[in-house]
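Visitor: The structure that follows is given in the form of structure tokens.
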Amino acid sequence: MKKRSHFTLGNFSCLFIVILTAVSSCKKNAKLPDESNETTHAVTFKIKDFETIVSPLKAQSSQFKRASTSGSSTESQPLYHWNFDNGNADPSTALEEEAAIDYNNGKTDYGFVAGWPSSGKAISFKGAKEILIKIPVSGIGSLGNLTFDANSSGTGPRAVLLSYSTDKGATFKNLADTVYYPPNLTTSAKLTLEQPLNSINLTAAQGCWLKIALFAGNRDGGSNYNESTGTFKMDNINIRGRTDQSVLPDKLYYHVFDAITKLLVKSGTLNAKEKFNIALPMGTYYLSLLSKNSGAPLLIPATVADVRSLSVSNAFNEQAAVVFAVRDTFEVREPIERVLTMSRIYSEVKFECTDTDGLNLVDSIQIKQKHQAFYYYPFATVSDEKSDNTILRIVPNWAADSKTFVFNQFMGDVPENKMVRYELRVFRKGELARTFELGSEIRNNVQLLFKGKLLDGVSDDQGFQVIKNEKWRDKVVVEY
């Protein structure tokens, strides 16, 4: 019996050693370079025509584009914008993510009410004495102006004083004299304030805080001012200025996969640069590289394990997002350099309005995708049936010689034309004036132009004449 037991134990010992060897062998085949003791080599990636990638579209109109996407250093561009339509205090357009609205020493019990137009939302402060708009100064060459719409409840403030600080609130300097509400301003109307900011010196600034101090003002026989319960609301906050193109927050997103196992071995995000290095052991790899010059991140799954699980998208309501991409397969035997050419995976959609009058009364245009959201899979073919119900809201700022607005449509890298269709809701003097749909079939890297009357004209089922060319700077023109 003892001998048999000893023999069985020996068999189990051998079996255990075999299992350990097998497990160790499997782990060795699947291990990642970061977990390896193998010698690594520097793989240098260089982006061809880098300046074109990070500062595209300079020849196009700067209207409605993020400051980080276009324009020269002499053009005033939107830097930060809040419309509050999503029911939060996050900026809808931001050069940097750290921008914030603060009031009464960090209170956050603000609410949201009907804004201007009434189809949107405004932020409402109760018992506010001062409101701070805090913006980083990185990426800004100089400030231009601040505009916003405001009003108060019957017991709210009726005067504002604008000041600024570049030392995180240690000192404030007035921008102008106190602004008093007009005596005949009703509580449902809006007061549009515009304040030049070009006197603010950003040299050595630790940030820029714009303070809106609130006071009782002239009551003119109306309700008494109540500092505790009176409310003050704001909408359409817009800060314009000139960007410093050399420090804009462009981002590169990279994912490296093992070509044999298809598993992810390295990934990361870094500030855009013409060259960057990755250390890899010997082997063959796939690379996905994306560039986006916007403060908001790309929509990428939190966990990417292999080539099939990497998908990329972008929120439709981010009006001027510019996204480039490239895929690469390479072999590492020694230090190497790869020169990569990135391509646009978005298209530009532009509206040229031919109305002869009435456009000055248009408050806003709400645009909704009627097609399925687009996804980019660098190394897989996947059919997505997902919707993006976010609303792109455009507050027009018509130029004397140009009645246009534009946005970028993320599309991915599609091999054939895909349907794009949009529902437009036009608001005029606070009321819905018109709802209609327009569409076409395009690929990525195309400019699509809709040309026609914004306020009247076509029926929803009218056909369109489409001229297509899939080269950038050639245009698809749809008359409507």
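To be explicit about the labels: the chains of the structure tokens are called A, B, and onward in the order shown, and within each one the residues are counted from 1, while ligands get numbers from 1 in the order they are shown.
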Which polymer residues have any atom within 10 Å of an atom of stretch 396-401 of chain A, counting only C-alpha atoms, with same-chain residues fewer than 3 positions away left out, as a tab-separated table (two decimals) with N, CA and C atoms, in the first residue's frame?

Guide:
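Saved file selection_1.tsv follows:
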```tsv
chain	number	residue	atom	x	y	z
A	63	GLN	N	-16.01	80.94	-38.79
A	63	GLN	CA	-17.27	80.97	-38.05
A	63	GLN	C	-17.59	79.61	-37.46
A	64	PHE	N	-17.93	79.62	-36.18
A	64	PHE	CA	-18.42	78.45	-35.46
A	64	PHE	C	-17.38	77.36	-35.29
A	359	LEU	N	-32.97	86.73	-41.72
A	359	LEU	CA	-31.99	85.91	-41.02
A	359	LEU	C	-31.52	86.55	-39.73
A	360	ASN	N	-31.58	87.88	-39.66
A	360	ASN	CA	-31.14	88.56	-38.44
A	360	ASN	C	-32.05	88.24	-37.25
A	361	LEU	N	-33.22	87.70	-37.50
A	361	LEU	CA	-34.15	87.34	-36.43
A	361	LEU	C	-34.02	85.88	-36.00
A	362	VAL	N	-33.14	85.14	-36.66
A	362	VAL	CA	-32.93	83.73	-36.31
A	362	VAL	C	-32.11	83.65	-35.02
A	363	ASP	N	-32.69	83.04	-33.97
A	363	ASP	CA	-31.99	82.92	-32.69
A	363	ASP	C	-31.02	81.75	-32.68
A	364	SER	N	-31.48	80.61	-33.18
A	364	SER	CA	-30.64	79.43	-33.14
A	364	SER	C	-31.15	78.41	-34.15
A	365	ILE	N	-30.28	77.47	-34.48
A	365	ILE	CA	-30.63	76.35	-35.35
A	365	ILE	C	-30.23	75.08	-34.62
A	393	ARG	N	-26.49	72.57	-31.46
A	393	ARG	CA	-27.17	73.87	-31.45
A	393	ARG	C	-26.22	74.94	-31.94
A	404	THR	N	-23.54	81.84	-43.66
A	404	THR	CA	-23.21	80.42	-43.64
A	404	THR	C	-23.02	79.93	-42.21
A	405	PHE	N	-23.16	78.62	-42.04
A	405	PHE	CA	-22.72	77.94	-40.82
A	405	PHE	C	-22.23	76.56	-41.22
```

Visitor: Tell me, as a count of residues only, which residues lie within 7 Å of A:Asp258, counting only C-alpha atoms; anything in the same chain fewer than 4 positions away does not count.

Guide: 7

Visitor: So that I can check the surroundings of A:Glu130, please list as an mmCIF file with N, CA, C and O atoms, in the first residue's frame every protein, DNA and RNA residue that reaches within 8 Å of it, counting only C-alpha atoms and ignoring chain neighbours fewer than 5 positions away.

Guide:
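Saved file out_27.cif follows:
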```
data_model
loop_
_atom_site.group_PDB
_atom_site.id
_atom_site.type_symbol
_atom_site.label_atom_id
_atom_site.label_comp_id
_atom_site.auth_asym_id
_atom_site.auth_seq_id
_atom_site.Cartn_x
_atom_site.Cartn_y
_atom_site.Cartn_z
ATOM 1 N N TYR A 103 -19.602 80.032 -8.173
ATOM 2 C CA TYR A 103 -20.241 81.197 -7.557
ATOM 3 C C TYR A 103 -20.379 81.022 -6.054
ATOM 4 O O TYR A 103 -20.445 79.904 -5.542
ATOM 5 N N ASN A 104 -20.373 82.161 -5.372
ATOM 6 C CA ASN A 104 -20.542 82.187 -3.913
ATOM 7 C C ASN A 104 -19.665 81.158 -3.211
ATOM 8 O O ASN A 104 -20.134 80.277 -2.497
ATOM 9 N N LYS A 211 -15.172 87.918 -13.280
ATOM 10 C CA LYS A 211 -16.147 87.990 -12.195
ATOM 11 C C LYS A 211 -17.334 88.857 -12.587
ATOM 12 O O LYS A 211 -17.184 89.962 -13.085
ATOM 13 N N ILE A 212 -18.526 88.317 -12.340
ATOM 14 C CA ILE A 212 -19.775 89.048 -12.538
ATOM 15 C C ILE A 212 -20.362 89.308 -11.160
ATOM 16 O O ILE A 212 -20.912 88.398 -10.525
ATOM 17 N N ALA A 213 -20.206 90.525 -10.647
ATOM 18 C CA ALA A 213 -20.744 90.893 -9.339
ATOM 19 C C ALA A 213 -22.152 91.447 -9.519
ATOM 20 O O ALA A 213 -22.410 92.220 -10.449
ATOM 21 N N LEU A 214 -23.076 91.060 -8.641
ATOM 22 C CA LEU A 214 -24.494 91.387 -8.788
ATOM 23 C C LEU A 214 -24.944 92.330 -7.681
ATOM 24 O O LEU A 214 -24.588 92.145 -6.503
#
```

Visitor: Show me, as a list of chain:residue names, the residues that have an atom within 6 Å of stretch 174-186 of chain A when counting only C-alpha atoms, minus same-chain residues fewer than 6 positions from it.

Guide: A:Arg158, A:Ala159, A:Val160, A:Leu161, A:Leu162, A:Ser163

Visitor: I'd like the interatomic distance between atom CA of A:Ile200 and atom CA of A:Ala150, to a tenth of an Å.

Guide: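 Computing the Euclidean distance for atom CA of A:Ile200 and atom CA of A:Ala150 yields 23.0 Å.
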
Visitor: At what distance in Å, to one decimal, does atom CA of A:Asn83 lie from atom CA of A:Thr171?

Guide: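 Straight-line distance from atom CA of A:Thr171 to atom CA of A:Asn83 works out to 28.7 Å.
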
Visitor: Could you pull out the residues in stretch 74-242 of chain A that DSSP calls strand (DSSP E) from the backbone, as a VMD selection string?

Guide: chain A and resid 77 to 82 93 to 94 100 to 103 111 to 114 121 to 126 130 to 135 140 to 152 159 to 165 173 to 174 179 to 180 191 to 196 208 to 215 231 to 242

Visitor: Of the candidates A:Ala100, A:Pro136, A:Pro78, A:Met234, which one gets nearest to A:Asp149 if we count only C-alpha atoms?

Guide: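 Checking each of A:Ala100, A:Pro136, A:Pro78, A:Met234 against A:Asp149, counting only C-alpha atoms, the winner is A:Met234.
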
Visitor: For a test of reading the model, state the distance in Å between atom CA of A:Glu98 and atom CA of A:Leu298, rounded to one decimal.

Guide: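 Interatomic distance here is 17.0 Å.
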
Visitor: Could you give me, as a list in words, the residues within 6 Å of stretch 307-322 of chain A, counting only C-alpha atoms and dropping anything in the same chain fewer than 4 positions from it?

Guide: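 So the residues in contact are Lys65, Arg66, Lys262, Lys292, Asn293, Leu298, Leu299, Ile300, Tyr375, Tyr376, Tyr377, Phe379, Ala380, Thr390, Ile391, Leu392, Phe407 and Asn408 of chain A.
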
Visitor: Find the residue from A:His371, A:Lys173, A:Lys121, A:Lys168 that sits nearest to A:Met419; use only C-alpha atoms when measuring.

Guide: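 Going through A:His371, A:Lys173, A:Lys121, A:Lys168 one by one, the smallest distance to A:Met419 is for A:His371.
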
Visitor: Pick out the closest residue to A:Gly154 from this set: A:Tyr422, A:Tyr225, A:Tyr346, A:Phe351. Count only C-alpha atoms.

Guide: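 Of A:Tyr422, A:Tyr225, A:Tyr346, A:Phe351, the one nearest A:Gly154, counting only C-alpha atoms, is A:Tyr225.
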